[in-house]
>>> print(open('entry02.txt').read())   # compact mmCIF, C-alpha atoms and all ligand atoms
# COMPACT_ATOMS: atom_id res chain seq x y z
CA MET A 1 -1.60 28.24 39.61
CA LYS A 2 1.31 30.63 39.02
CA GLN A 3 4.61 28.87 39.50
CA GLN A 4 8.31 29.45 39.24
CA ALA A 5 9.69 28.80 35.78
CA PRO A 6 10.37 25.07 35.66
CA SER A 7 13.50 23.37 34.47
CA CYS A 8 14.27 19.88 33.30
CA ASN A 9 16.56 19.54 36.30
CA ASP A 10 13.83 20.24 38.86
CA PRO A 11 12.62 17.29 40.86
CA PHE A 12 9.38 16.71 38.99
CA GLU A 13 7.30 16.24 42.12
CA THR A 14 7.72 19.84 43.32
CA ASN A 15 4.63 21.87 42.42
CA ALA A 16 3.93 19.62 39.44
CA ILE A 17 0.35 19.43 38.19
CA THR A 18 -1.12 16.44 36.39
CA VAL A 19 -1.92 16.31 32.67
CA SER A 20 -5.65 16.23 33.38
CA GLU A 21 -5.43 19.20 35.78
CA ALA A 22 -3.67 21.17 33.07
CA VAL A 23 -6.29 20.18 30.46
CA SER A 24 -9.17 21.17 32.79
CA HIS A 25 -7.57 24.52 33.49
CA ILE A 26 -7.03 25.12 29.77
CA LEU A 27 -10.62 24.22 28.87
CA ASN A 28 -12.07 26.30 31.71
CA ASN A 29 -10.15 29.29 30.38
CA THR A 30 -10.95 28.87 26.69
CA GLU A 31 -14.05 30.38 25.09
CA SER A 32 -15.47 29.19 21.80
CA ILE A 33 -15.39 31.60 18.87
CA ARG A 34 -18.69 33.46 18.62
CA GLN A 35 -18.56 34.50 14.97
CA TYR A 36 -20.01 32.31 12.26
CA GLU A 37 -20.13 32.10 8.47
CA LYS A 38 -23.05 31.03 6.32
CA LEU A 39 -21.69 28.68 3.67
CA ALA A 40 -23.00 26.53 0.82
CA ILE A 41 -23.16 22.95 2.08
CA ARG A 42 -20.14 21.59 0.18
CA GLU A 43 -18.02 24.31 1.83
CA CYS A 44 -19.23 23.10 5.21
CA LEU A 45 -17.31 19.81 4.99
CA ASN A 46 -15.11 19.39 8.11
CA ARG A 47 -16.52 22.61 9.57
CA VAL A 48 -18.29 22.97 12.94
CA LEU A 49 -22.04 23.61 13.10
CA HIS A 50 -22.68 26.89 14.91
CA GLU A 51 -26.30 26.04 15.79
CA PRO A 52 -28.38 22.84 15.81
CA LEU A 53 -29.52 21.80 12.35
CA ILE A 54 -33.33 21.67 12.40
CA SER A 55 -35.13 19.70 9.73
CA PRO A 56 -37.71 21.76 7.82
CA VAL A 57 -39.32 18.58 6.44
CA ASN A 58 -40.21 14.98 7.13
CA VAL A 59 -37.77 12.41 5.75
CA PRO A 60 -39.05 10.54 3.87
CA ALA A 61 -41.58 13.18 2.87
CA HIS A 62 -44.27 10.58 2.04
CA ASP A 63 -44.99 6.92 2.73
CA ASN A 64 -43.16 4.90 0.08
CA SER A 65 -42.20 1.38 -0.87
CA ALA A 66 -38.98 -0.20 0.39
CA MET A 67 -39.17 -2.98 -2.23
CA ASP A 68 -40.20 -3.85 -5.76
CA GLY A 69 -43.44 -5.85 -5.59
CA ILE A 70 -47.12 -5.20 -5.04
CA ALA A 71 -48.75 -2.72 -2.65
CA VAL A 72 -52.03 -3.64 -1.03
CA ASN A 73 -54.27 -2.81 1.92
CA SER A 74 -53.55 -5.52 4.53
CA ARG A 75 -57.34 -5.82 4.97
CA TYR A 76 -57.47 -7.68 1.60
CA LEU A 77 -54.75 -10.20 2.48
CA PRO A 78 -55.76 -13.80 3.32
CA GLU A 79 -55.53 -14.94 6.97
CA SER A 80 -54.69 -18.45 5.80
CA GLY A 81 -54.04 -20.17 2.48
CA SER A 82 -53.73 -17.93 -0.53
CA LYS A 83 -55.78 -15.45 -2.50
CA VAL A 84 -55.72 -13.85 -5.94
CA LEU A 85 -55.73 -10.04 -6.14
CA LYS A 86 -56.37 -7.83 -9.16
CA ILE A 87 -53.53 -5.58 -10.32
CA VAL A 88 -55.06 -2.19 -11.22
CA GLY A 89 -51.96 -0.11 -11.98
CA THR A 90 -48.29 0.63 -11.29
CA ALA A 91 -46.48 3.23 -9.18
CA PHE A 92 -42.85 4.10 -9.99
CA ALA A 93 -40.44 6.25 -7.96
CA GLY A 94 -41.42 9.75 -9.09
CA GLN A 95 -44.64 8.55 -10.82
CA PRO A 96 -47.36 7.91 -8.24
CA PHE A 97 -50.55 5.92 -8.77
CA ASP A 98 -53.20 8.52 -8.02
CA ARG A 99 -56.54 6.66 -7.72
CA PRO A 100 -57.85 4.82 -4.68
CA ILE A 101 -57.78 1.01 -4.96
CA GLY A 102 -60.87 -1.12 -4.43
CA GLU A 103 -61.59 -4.34 -2.56
CA ASP A 104 -59.12 -7.19 -3.39
CA GLU A 105 -57.16 -4.84 -5.64
CA CYS A 106 -53.46 -4.04 -5.55
CA ILE A 107 -50.92 -2.11 -7.60
CA ARG A 108 -47.41 -2.95 -8.72
CA VAL A 109 -44.81 -0.76 -6.99
CA MET A 110 -41.12 -0.06 -7.49
CA THR A 111 -38.72 0.82 -4.67
CA GLY A 112 -39.21 4.44 -3.63
CA ALA A 113 -42.66 4.71 -5.24
CA LEU A 114 -45.29 6.62 -3.28
CA ILE A 115 -47.80 4.43 -1.43
CA PRO A 116 -51.39 5.55 -2.06
CA ALA A 117 -53.39 6.56 1.02
CA ASP A 118 -55.51 3.41 1.18
CA VAL A 119 -52.57 1.03 0.94
CA ASP A 120 -50.47 0.00 3.95
CA SER A 121 -48.27 -2.98 3.01
CA VAL A 122 -45.90 -4.08 0.28
CA ILE A 123 -45.24 -7.70 -0.70
CA MET A 124 -41.89 -8.20 -2.34
CA GLN A 125 -41.63 -9.47 -5.89
CA GLU A 126 -40.08 -12.78 -4.83
CA LYS A 127 -43.08 -13.65 -2.63
CA ILE A 128 -45.89 -13.31 -5.18
CA THR A 129 -47.04 -15.57 -8.00
CA LEU A 130 -48.18 -13.80 -11.14
CA LYS A 131 -51.21 -15.55 -12.63
CA SER A 132 -51.55 -13.12 -15.56
CA ASP A 133 -50.72 -9.47 -16.33
CA THR A 134 -53.57 -8.38 -14.10
CA ARG A 135 -53.82 -11.16 -11.50
CA VAL A 136 -51.47 -12.07 -8.70
CA GLN A 137 -51.60 -14.77 -6.03
CA VAL A 138 -50.49 -13.89 -2.49
CA ASP A 139 -50.25 -16.06 0.63
CA SER A 140 -51.00 -15.43 4.31
CA ASP A 141 -47.38 -14.96 5.40
CA ASN A 142 -47.53 -11.14 5.41
CA ARG A 143 -47.75 -8.42 8.05
CA LYS A 144 -49.45 -5.04 8.05
CA HIS A 145 -46.94 -2.19 7.35
CA GLN A 146 -44.27 -4.53 6.00
CA ASN A 147 -41.80 -3.07 3.48
CA VAL A 148 -43.25 0.43 3.79
CA ARG A 149 -41.07 3.44 4.69
CA PHE A 150 -43.37 5.85 6.48
CA ALA A 151 -43.22 9.64 6.23
CA GLY A 152 -40.96 11.08 8.94
CA GLU A 153 -39.62 7.63 9.86
CA ASP A 154 -36.00 8.81 9.52
CA ILE A 155 -36.36 12.49 10.48
CA LYS A 156 -39.41 14.45 11.64
CA ALA A 157 -40.01 18.08 10.62
CA GLY A 158 -38.79 20.36 13.47
CA GLN A 159 -36.41 17.76 14.83
CA ALA A 160 -32.75 18.68 15.54
CA VAL A 161 -30.84 16.43 13.19
CA LEU A 162 -27.30 17.51 14.05
CA ASP A 163 -26.15 19.24 17.24
CA LYS A 164 -24.32 22.52 17.60
CA GLY A 165 -20.60 21.68 17.72
CA HIS A 166 -20.95 18.72 15.36
CA VAL A 167 -18.18 18.45 12.78
CA ILE A 168 -19.78 18.04 9.38
CA GLY A 169 -18.62 14.86 7.66
CA ALA A 170 -19.49 13.15 4.38
CA ALA A 171 -22.65 11.46 5.72
CA ASP A 172 -23.80 14.80 7.16
CA LEU A 173 -23.51 16.50 3.76
CA GLY A 174 -25.87 13.80 2.46
CA VAL A 175 -28.24 14.27 5.40
CA ILE A 176 -28.27 18.07 4.96
CA ALA A 177 -28.89 17.73 1.21
CA SER A 178 -31.72 15.27 1.86
CA LEU A 179 -33.47 18.03 3.83
CA GLY A 180 -33.20 20.42 0.90
CA ILE A 181 -30.99 22.79 2.91
CA ALA A 182 -28.56 24.78 0.75
CA GLU A 183 -26.51 26.66 3.38
CA CYS A 184 -25.45 26.18 7.00
CA ARG A 185 -24.03 28.38 9.73
CA VAL A 186 -20.58 27.19 10.74
CA THR A 187 -18.25 28.65 13.34
CA ARG A 188 -15.48 30.85 11.96
CA LYS A 189 -12.18 28.97 11.71
CA PRO A 190 -9.70 29.71 14.48
CA ARG A 191 -6.74 31.86 13.40
CA VAL A 192 -3.52 30.43 14.78
CA ALA A 193 -0.23 32.34 14.77
CA PHE A 194 2.96 30.45 15.53
CA PHE A 195 6.66 31.08 15.70
CA SER A 196 9.85 29.43 16.93
CA THR A 197 12.17 31.09 19.41
CA GLY A 198 15.91 30.59 19.72
CA ASP A 199 19.16 32.28 18.74
CA GLU A 200 20.48 28.92 17.49
CA LEU A 201 17.70 28.42 14.92
CA LYS A 202 18.40 28.75 11.22
CA SER A 203 15.98 28.54 8.34
CA ILE A 204 16.33 25.98 5.56
CA GLY A 205 18.74 27.39 2.96
CA GLU A 206 20.95 29.12 5.54
CA THR A 207 24.36 27.70 6.45
CA LEU A 208 24.68 26.27 9.94
CA GLN A 209 27.46 27.72 12.13
CA ALA A 210 28.75 25.76 15.14
CA GLY A 211 25.84 25.32 17.59
CA ASP A 212 23.14 26.18 15.07
CA ILE A 213 20.28 23.87 14.19
CA TYR A 214 17.54 24.05 11.59
CA ASP A 215 14.17 25.13 12.90
CA SER A 216 12.05 21.99 12.67
CA ASN A 217 9.29 22.79 15.15
CA ARG A 218 7.59 25.25 12.85
CA TYR A 219 7.27 22.56 10.19
CA ALA A 220 5.92 19.94 12.58
CA LEU A 221 3.43 22.54 13.90
CA TYR A 222 2.44 23.40 10.34
CA GLY A 223 1.70 19.71 9.77
CA LEU A 224 -0.32 19.36 12.95
CA LEU A 225 -2.28 22.56 12.33
CA SER A 226 -3.01 21.57 8.72
CA ARG A 227 -4.97 18.66 10.15
CA CYS A 228 -7.10 21.04 12.24
CA ASP A 229 -8.95 23.23 9.73
CA VAL A 230 -7.58 26.53 11.02
CA ASN A 231 -6.20 29.64 9.34
CA MET A 232 -2.47 29.66 9.99
CA ILE A 233 -0.18 32.63 10.39
CA ASP A 234 3.44 31.41 10.22
CA MET A 235 5.62 34.10 11.80
CA GLY A 236 8.98 32.41 11.31
CA VAL A 237 11.78 32.47 13.87
CA VAL A 238 12.04 35.11 16.60
CA ARG A 239 15.36 35.65 18.39
CA ASP A 240 15.67 35.43 22.18
CA LYS A 241 15.49 39.23 22.42
CA PRO A 242 12.84 40.77 24.67
CA ASP A 243 11.95 43.54 22.21
CA GLU A 244 11.56 41.16 19.30
CA LEU A 245 9.54 38.71 21.38
CA ARG A 246 7.25 41.44 22.70
CA GLU A 247 6.63 42.80 19.24
CA ALA A 248 5.97 39.33 17.78
CA LEU A 249 3.54 38.45 20.57
CA LEU A 250 1.65 41.75 20.22
CA THR A 251 1.38 41.41 16.44
CA ALA A 252 0.22 37.82 16.80
CA SER A 253 -2.36 38.70 19.46
CA ASN A 254 -3.87 41.34 17.17
CA ASN A 255 -4.33 38.87 14.34
CA ALA A 256 -5.01 35.50 15.92
CA ASP A 257 -7.23 33.65 18.36
CA LEU A 258 -4.34 31.46 19.48
CA ILE A 259 -0.56 31.92 19.55
CA ILE A 260 1.78 28.93 19.74
CA THR A 261 5.49 29.39 20.35
CA SER A 262 8.15 26.78 20.89
CA GLY A 263 11.28 27.07 22.96
CA GLY A 264 12.29 29.53 25.63
CA VAL A 265 10.15 28.20 28.47
CA SER A 266 12.85 26.28 30.34
CA VAL A 267 14.76 27.78 33.22
CA GLY A 268 16.90 30.81 32.39
CA GLU A 269 15.16 31.46 29.09
CA ALA A 270 11.69 31.60 30.59
CA ASP A 271 12.34 34.91 32.25
CA PHE A 272 12.06 36.75 28.93
CA ILE A 273 8.61 35.47 28.18
CA LYS A 274 7.56 35.81 31.80
CA THR A 275 8.53 39.48 31.99
CA ILE A 276 6.86 40.25 28.67
CA LEU A 277 3.65 38.42 29.52
CA GLU A 278 3.41 40.13 32.90
CA GLU A 279 3.48 43.37 30.93
CA ILE A 280 1.09 42.58 28.08
CA GLY A 281 -1.09 39.72 29.33
CA THR A 282 -1.45 36.94 31.86
CA MET A 283 0.19 33.56 31.94
CA ASP A 284 0.75 30.43 34.02
CA PHE A 285 4.04 28.56 34.04
CA TRP A 286 3.49 24.91 34.69
CA LYS A 287 5.61 22.00 35.58
CA ILE A 288 3.51 19.10 34.40
CA ALA A 289 4.00 15.62 35.81
CA MET A 290 4.57 14.14 32.38
CA LYS A 291 7.29 13.07 30.00
CA PRO A 292 8.10 14.49 27.58
CA GLY A 293 6.80 18.04 27.79
CA ARG A 294 7.27 19.05 31.39
CA PRO A 295 7.56 22.85 31.18
CA LEU A 296 4.55 24.51 29.58
CA THR A 297 3.07 27.98 29.66
CA PHE A 298 -0.53 28.89 28.98
CA GLY A 299 -1.93 32.38 29.03
CA LYS A 300 -3.78 35.20 27.33
CA ILE A 301 -2.89 38.43 25.60
CA ASN A 302 -6.13 40.44 25.34
CA ASP A 303 -8.60 37.93 23.88
CA CYS A 304 -5.91 35.78 22.33
CA HIS A 305 -4.88 32.49 23.94
CA PHE A 306 -1.21 31.67 24.23
CA PHE A 307 0.76 28.42 24.46
CA GLY A 308 4.49 28.50 25.10
CA LEU A 309 5.53 24.96 24.25
CA PRO A 310 8.91 23.51 25.17
CA GLY A 311 11.65 23.61 22.53
CA ASN A 312 12.43 19.92 22.18
CA PRO A 313 10.78 18.68 18.99
CA VAL A 314 9.10 15.62 20.52
CA ALA A 315 7.90 17.63 23.51
CA VAL A 316 6.36 20.13 21.05
CA MET A 317 4.31 17.38 19.44
CA VAL A 318 3.32 15.63 22.67
CA THR A 319 2.17 18.89 24.28
CA PHE A 320 0.37 19.88 21.08
CA TYR A 321 -1.63 16.63 21.10
CA ASN A 322 -2.43 16.81 24.79
CA PHE A 323 -2.96 20.53 25.47
CA VAL A 324 -3.18 22.58 22.27
CA LEU A 325 -5.66 20.26 20.55
CA PRO A 326 -8.30 20.38 23.35
CA CYS A 327 -7.97 24.17 23.42
CA LEU A 328 -8.26 24.41 19.63
CA LYS A 329 -11.31 22.16 19.61
CA LYS A 330 -13.03 24.29 22.22
CA LEU A 331 -12.08 27.49 20.37
CA ALA A 332 -13.48 26.02 17.16
CA GLY A 333 -16.78 25.26 18.91
CA LYS A 334 -16.33 21.49 18.81
CA THR A 335 -17.32 19.06 21.52
CA VAL A 336 -14.09 18.16 23.29
CA SER A 337 -13.52 14.50 24.12
CA SER A 338 -10.43 12.54 25.09
CA PRO A 339 -8.89 10.12 22.61
CA ILE A 340 -10.05 6.53 23.00
CA SER A 341 -7.52 4.31 24.76
CA PHE A 342 -7.08 0.68 23.79
CA LYS A 343 -5.49 -2.13 25.75
CA ALA A 344 -2.54 -3.73 23.98
CA THR A 345 0.11 -6.28 24.83
CA SER A 346 3.53 -4.68 25.05
CA GLN A 347 6.27 -6.18 22.94
CA SER A 348 8.81 -3.80 24.45
CA GLU A 349 10.32 -3.41 27.85
CA ILE A 350 9.72 0.14 29.03
CA ARG A 351 11.33 1.82 32.03
CA LYS A 352 9.06 4.25 33.79
CA ARG A 353 9.29 6.59 36.77
CA SER A 354 6.23 6.77 38.99
CA ASN A 355 4.14 9.90 39.63
CA ARG A 356 4.26 11.14 36.10
CA ARG A 357 2.40 10.31 32.91
CA GLU A 358 4.61 9.13 30.10
CA PHE A 359 3.85 9.30 26.41
CA GLN A 360 6.10 6.77 24.74
CA ARG A 361 6.00 6.75 20.97
CA GLY A 362 4.67 3.45 19.76
CA ILE A 363 3.57 1.32 16.87
CA ALA A 364 0.32 -0.53 17.47
CA PHE A 365 -0.60 -3.45 15.24
CA THR A 366 -2.73 -6.56 15.17
CA GLY A 367 -0.76 -9.60 16.31
CA GLU A 368 -1.03 -13.09 14.84
CA ASP A 369 -3.53 -13.98 17.58
CA GLY A 370 -5.76 -11.11 16.38
CA ASN A 371 -5.12 -9.00 19.49
CA LEU A 372 -3.64 -5.52 19.64
CA GLN A 373 0.11 -5.39 20.26
CA ALA A 374 2.33 -2.37 20.78
CA LYS A 375 6.05 -1.75 20.61
CA LEU A 376 8.28 1.28 21.03
CA THR A 377 9.49 3.08 17.93
CA GLY A 378 13.06 2.96 19.19
CA LYS A 379 15.02 5.56 21.14
CA GLN A 380 12.66 7.82 23.06
CA GLY A 381 14.71 10.95 23.80
CA SER A 382 12.69 14.18 23.56
CA GLY A 383 14.96 15.43 20.78
CA ILE A 384 14.54 12.27 18.67
CA LEU A 385 11.83 13.34 16.28
CA THR A 386 12.06 10.16 14.18
CA SER A 387 10.43 8.42 17.16
CA MET A 388 7.31 10.42 16.23
CA SER A 389 7.66 9.85 12.48
CA GLN A 390 7.35 6.10 12.87
CA ALA A 391 4.69 6.18 15.58
CA ASN A 392 1.00 5.64 14.98
CA CYS A 393 0.21 5.87 18.69
CA PHE A 394 1.34 6.92 22.12
CA ILE A 395 1.89 4.11 24.59
CA VAL A 396 0.48 5.95 27.59
CA LEU A 397 1.87 4.97 30.97
CA PRO A 398 -0.35 6.60 33.62
CA GLU A 399 0.93 8.37 36.74
CA ASP A 400 0.51 5.37 39.06
CA SER A 401 2.02 2.77 36.72
CA GLY A 402 5.55 1.37 36.93
CA SER A 403 7.93 -0.15 34.41
CA VAL A 404 6.55 -2.43 31.73
CA SER A 405 7.79 -5.95 30.87
CA ILE A 406 7.21 -7.73 27.57
CA GLY A 407 3.73 -9.29 27.67
CA ASP A 408 2.27 -6.69 30.06
CA THR A 409 -0.90 -4.87 29.13
CA VAL A 410 -0.42 -1.20 28.21
CA LEU A 411 -2.74 1.60 27.09
CA VAL A 412 -2.46 2.83 23.54
CA GLU A 413 -3.89 6.06 22.12
CA PHE A 414 -3.82 6.40 18.33
CA LEU A 415 -2.40 9.74 17.19
CA GLU A 416 -5.14 10.08 14.59
CA ASP A 417 -7.83 9.79 17.30
CA TYR A 418 -6.59 12.98 18.97
CA PHE A 419 -7.88 15.19 16.15
P1 LIG B 1 14.58 25.55 24.75
O1 LIG B 1 13.29 25.15 25.40
O2 LIG B 1 14.47 26.81 23.97
O3 LIG B 1 15.70 25.56 25.74
O4 LIG B 1 14.93 24.41 23.71
C1 LIG B 1 15.13 23.08 24.12
C2 LIG B 1 15.84 22.31 23.01
O5 LIG B 1 15.04 22.27 21.86
C3 LIG B 1 17.15 22.93 22.58
O6 LIG B 1 18.06 21.90 22.29
C4 LIG B 1 16.79 23.68 21.33
O7 LIG B 1 17.87 23.86 20.45
C5 LIG B 1 15.73 22.79 20.73
N1 LIG B 1 14.83 23.60 19.92
C6 LIG B 1 14.21 24.72 20.30
N2 LIG B 1 13.48 25.24 19.31
C7 LIG B 1 13.62 24.40 18.25
C8 LIG B 1 13.12 24.40 16.92
N3 LIG B 1 12.30 25.34 16.50
N4 LIG B 1 13.48 23.38 16.11
C9 LIG B 1 14.30 22.41 16.55
N5 LIG B 1 14.79 22.35 17.80
C10 LIG B 1 14.49 23.34 18.65
MG MG B 2 15.69 28.27 23.26
>>> encode(input="entry02.txt", output="structure tokens", more="lines below")
Ligand code: AMP
Ligand code: MG
Amino acid sequence: MKQQAPSCNDPFETNAITVSEAVSHILNNTESIRQYEKLAIRECLNRVLHEPLISPVNVPAHDNSAMDGIAVNSRYLPESGSKVLKIVGTAFAGQPFDRPIGEDECIRVMTGALIPADVDSVIMQEKITLKSDTRVQVDSDNRKHQNVRFAGEDIKAGQAVLDKGHVIGAADLGVIASLGIAECRVTRKPRVAFFSTGDELKSIGETLQAGDIYDSNRYALYGLLSRCDVNMIDMGVVRDKPDELREALLTASNNADLIITSGGVSVGEADFIKTILEEIGTMDFWKIAMKPGRPLTFGKINDCHFFGLPGNPVAVMVTFYNFVLPCLKKLAGKTVSSPISFKATSQSEIRKRSNRREFQRGIAFTGEDGNLQAKLTGKQGSGILTSMSQANCFIVLPEDSGSVSIGDTVLVEFLEDYF
């Protein structure tokens, strides 16, 4: 897949690969981190399970009542009409009734109370008629096993409750706690080093000379990476000098699982990175049939993965969502899936060239008719970062689609769904 360094002036058709070809290549060349940490369960929130979580117990551990009412053996219930049963005791949650019951006897039960061995059904409070403190009338409208939660009904001992690669959320913490498990093995967080390249880049606080701009990519990348549960190594700005670039890349590769740079991959500039990577690692230069984000490099320095993203701020974000995120998910041991796409009615006219996939920045919202609508955030140039600030989605125009008129159906992918 090695190609000549691409440029924004190239005809995009020449040697261009599709977005999905690039993603497949990236995933096929990314290995999940093998190291794990054993952490107390609260610390496992948002982390990735390194092995399936096996339940050591049945949940619930014992048969218990799902209702307040009376518990009885269904054998003693009437087939028709009604019948009076004798109440011989009470079981509370945490305070079982520990004698067998006799013929035509029942006990009062509270929700969560253990069901004695010879009892199989619970009749809810609202469906009984108390005749006295010790006598209750029941009718024939009852079924065996009703209102009883049986041992192992939710989870059986030995069963895999959560899969390897599952990201532990709030409900999972509850599930893990319900099994009495105090610690889990989670995959070590990916370490991600990133820096910006460009002689024109100044840091906040410095004075801009003619032609200078403030480095914004590193801040946008910081924001994106913060959402990913990784350990970040921010390496600042590196000048377009081969020695400085080589040194930065080597340092990063010794300390990180993934390096992300921005800038310096378009024609002319790309030669620096190309020469250095040929020396210290391997790398593909791609022209991707997409907009924005056409030039992209992906490679490896020793065991460390490398993304050279384009310099334009919007292209940085679009390529991060589409290429870096799948790689990061795989590195982190997560199951990688594509974002869900929704059909929406376009409220904007959008011009589109065929044979490339376009990621227009959009705002999706529910229209007055209750259906999903989408409109552009405004100007869509790849340097116009405010188009991303306002967006909650990409309006994705696939390779084979043409221009869009108001009222046409478009595909929308919510930015949040990419993570
Ligand atoms: P390049 O790919 O290095 O030619 O950069 C393409 C465009 O993106 C140029 O206009 C750069 O000035 C701009 N650019 C590159 N890096 C950054 C950065 N870190 N922050 C803001 N703009 C940048
Ligand atoms: Mg540059």
>>> residues_near_ligand(input="entry02.txt", ligand="ligand LIG 1 (chain B)", cutoff="7 Å", atoms="only C-alpha atoms and all ligand atoms", output="list in words")
Ser196, Thr197, Gly198, Glu200, Leu201, Ile213, Tyr214, Asp215, Ser216, Asn217, Arg218, Ser262, Gly263, Gly264, Val265, Ser266, Glu269, Pro310, Gly311, Asn312, Pro313 and Gly383 of chain A
>>> atom_distance(input="entry02.txt", atom1="atom CA of Ile168 of chain A", atom2="atom CA of Phe150 of chain A")
26.7 Å
>>> residues_around(input="entry02.txt", residues="segment 409-412 of chain A", least_positions_apart="4", cutoff="9 Å", atoms="only C-alpha atoms", output="list in words")
Ile340, Ser341, Phe342, Lys343, Ala344, Thr345, Ser346, Gly362, Ala364, Gln373, Ala374, Cys393, Phe394, Ile395, Val396, Leu397, Pro398, Val404 and Ser405 of chain A
>>> write_last_selection(input="entry02.txt", atoms="C-alpha atoms", output="CSV table (one decimal), in the frame of the given file")
chain,number,residue,atom,x,y,z
A,340,ILE,CA,-10.0,6.5,23.0
A,341,SER,CA,-7.5,4.3,24.8
A,342,PHE,CA,-7.1,0.7,23.8
A,343,LYS,CA,-5.5,-2.1,25.8
A,344,ALA,CA,-2.5,-3.7,24.0
A,345,THR,CA,0.1,-6.3,24.8
A,346,SER,CA,3.5,-4.7,25.0
A,362,GLY,CA,4.7,3.4,19.8
A,364,ALA,CA,0.3,-0.5,17.5
A,373,GLN,CA,0.1,-5.4,20.3
A,374,ALA,CA,2.3,-2.4,20.8
A,393,CYS,CA,0.2,5.9,18.7
A,394,PHE,CA,1.3,6.9,22.1
A,395,ILE,CA,1.9,4.1,24.6
A,396,VAL,CA,0.5,6.0,27.6
A,397,LEU,CA,1.9,5.0,31.0
A,398,PRO,CA,-0.4,6.6,33.6
A,404,VAL,CA,6.6,-2.4,31.7
A,405,SER,CA,7.8,-6.0,30.9
>>> closest_residue(input="entry02.txt", among="A:Leu77, A:Val175, A:Ala113, A:Gly169", to="Val57 of chain A", atoms="only C-alpha atoms")
A:Val175
>>> closest_residue(input="entry02.txt", among="A:Ile350, A:Leu325, A:Val237, A:Val59", to="ligand MG 2 (chain B)", atoms="all atoms listed in the file")
A:Val237
>>> atom_distance(input="entry02.txt", atom1="atom CA of Gln347 of chain A", atom2="atom CA of Gly370 of chain A")
14.6 Å
>>> atom_distance(input="entry02.txt", atom1="atom CA of Arg357 of chain A", atom2="atom CA of Ala22 of chain A")
12.4 Å
>>> residues_around(input="entry02.txt", residues="Phe97 of chain A", least_positions_apart="6", cutoff="10 Å", atoms="all atoms listed in the file", output="PyMOL selection string")
chain A and resi 88-91+107-109+113-116
>>> closest_atom_pairs(input="entry02.txt", of="segment 323-351 of chain A", to="segment 25-42 of chain A", cutoff="10 Å", atoms="all atoms listed in the file", output="CSV")
residue,atom,partner,partner_atom,distance
A:Phe323,CA,A:Ile26,CA,7.5
A:Val324,CA,A:Ile26,CA,8.8
A:Pro326,CA,A:Leu27,CA,7.1
A:Cys327,CA,A:Leu27,CA,6.1
A:Leu328,CA,A:Thr30,CA,8.8
A:Lys329,CA,A:Ser32,CA,8.5
A:Lys330,CA,A:Ser32,CA,5.5
A:Leu331,CA,A:Ser32,CA,4.1
A:Ala332,CA,A:Ser32,CA,6.0
A:Gly333,CA,A:Ser32,CA,5.1
A:Lys334,CA,A:Ser32,CA,8.3
A:Val336,CA,A:Leu27,CA,8.9
>>> closest_residue(input="entry02.txt", among="A:Leu385, A:Ile280, A:Arg239, A:His305", to="ligand MG 2 (chain B)", atoms="all atoms listed in the file")
A:Arg239
>>> residues_around(input="entry02.txt", residues="segment 98-103 of chain A", least_positions_apart="5", cutoff="9 Å", atoms="only C-alpha atoms", output="PyMOL selection string")
chain A and resi 72-73+75-76+85+88+91+116-119
>>> build_atoms(input="entry02.txt", residues="segment 38-44 of chain A", atoms="N, CA, C and O atoms", output="mmCIF file, keeping the file's coordinate frame")
data_model
loop_
_atom_site.group_PDB
_atom_site.id
_atom_site.type_symbol
_atom_site.label_atom_id
_atom_site.label_comp_id
_atom_site.auth_asym_id
_atom_site.auth_seq_id
_atom_site.Cartn_x
_atom_site.Cartn_y
_atom_site.Cartn_z
ATOM 1 N N LYS A 38 -21.987 31.810 6.951
ATOM 2 C CA LYS A 38 -23.050 31.030 6.320
ATOM 3 C C LYS A 38 -22.489 30.533 4.995
ATOM 4 O O LYS A 38 -22.119 31.327 4.138
ATOM 5 N N LEU A 39 -22.373 29.225 4.842
ATOM 6 C CA LEU A 39 -21.690 28.680 3.670
ATOM 7 C C LEU A 39 -22.572 27.669 2.932
ATOM 8 O O LEU A 39 -23.389 26.975 3.552
ATOM 9 N N ALA A 40 -22.349 27.569 1.617
ATOM 10 C CA ALA A 40 -23.000 26.530 0.820
ATOM 11 C C ALA A 40 -22.548 25.169 1.364
ATOM 12 O O ALA A 40 -21.421 25.040 1.843
ATOM 13 N N ILE A 41 -23.429 24.163 1.288
ATOM 14 C CA ILE A 41 -23.160 22.950 2.080
ATOM 15 C C ILE A 41 -21.834 22.275 1.758
ATOM 16 O O ILE A 41 -21.178 21.786 2.646
ATOM 17 N N ARG A 42 -21.425 22.248 0.480
ATOM 18 C CA ARG A 42 -20.140 21.590 0.180
ATOM 19 C C ARG A 42 -18.985 22.240 0.941
ATOM 20 O O ARG A 42 -18.047 21.583 1.357
ATOM 21 N N GLU A 43 -19.080 23.565 1.116
ATOM 22 C CA GLU A 43 -18.020 24.310 1.830
ATOM 23 C C GLU A 43 -18.026 23.994 3.323
ATOM 24 O O GLU A 43 -17.111 24.371 4.040
ATOM 25 N N CYS A 44 -19.104 23.376 3.771
ATOM 26 C CA CYS A 44 -19.230 23.100 5.210
ATOM 27 C C CYS A 44 -18.528 21.813 5.631
ATOM 28 O O CYS A 44 -18.466 21.508 6.817
#
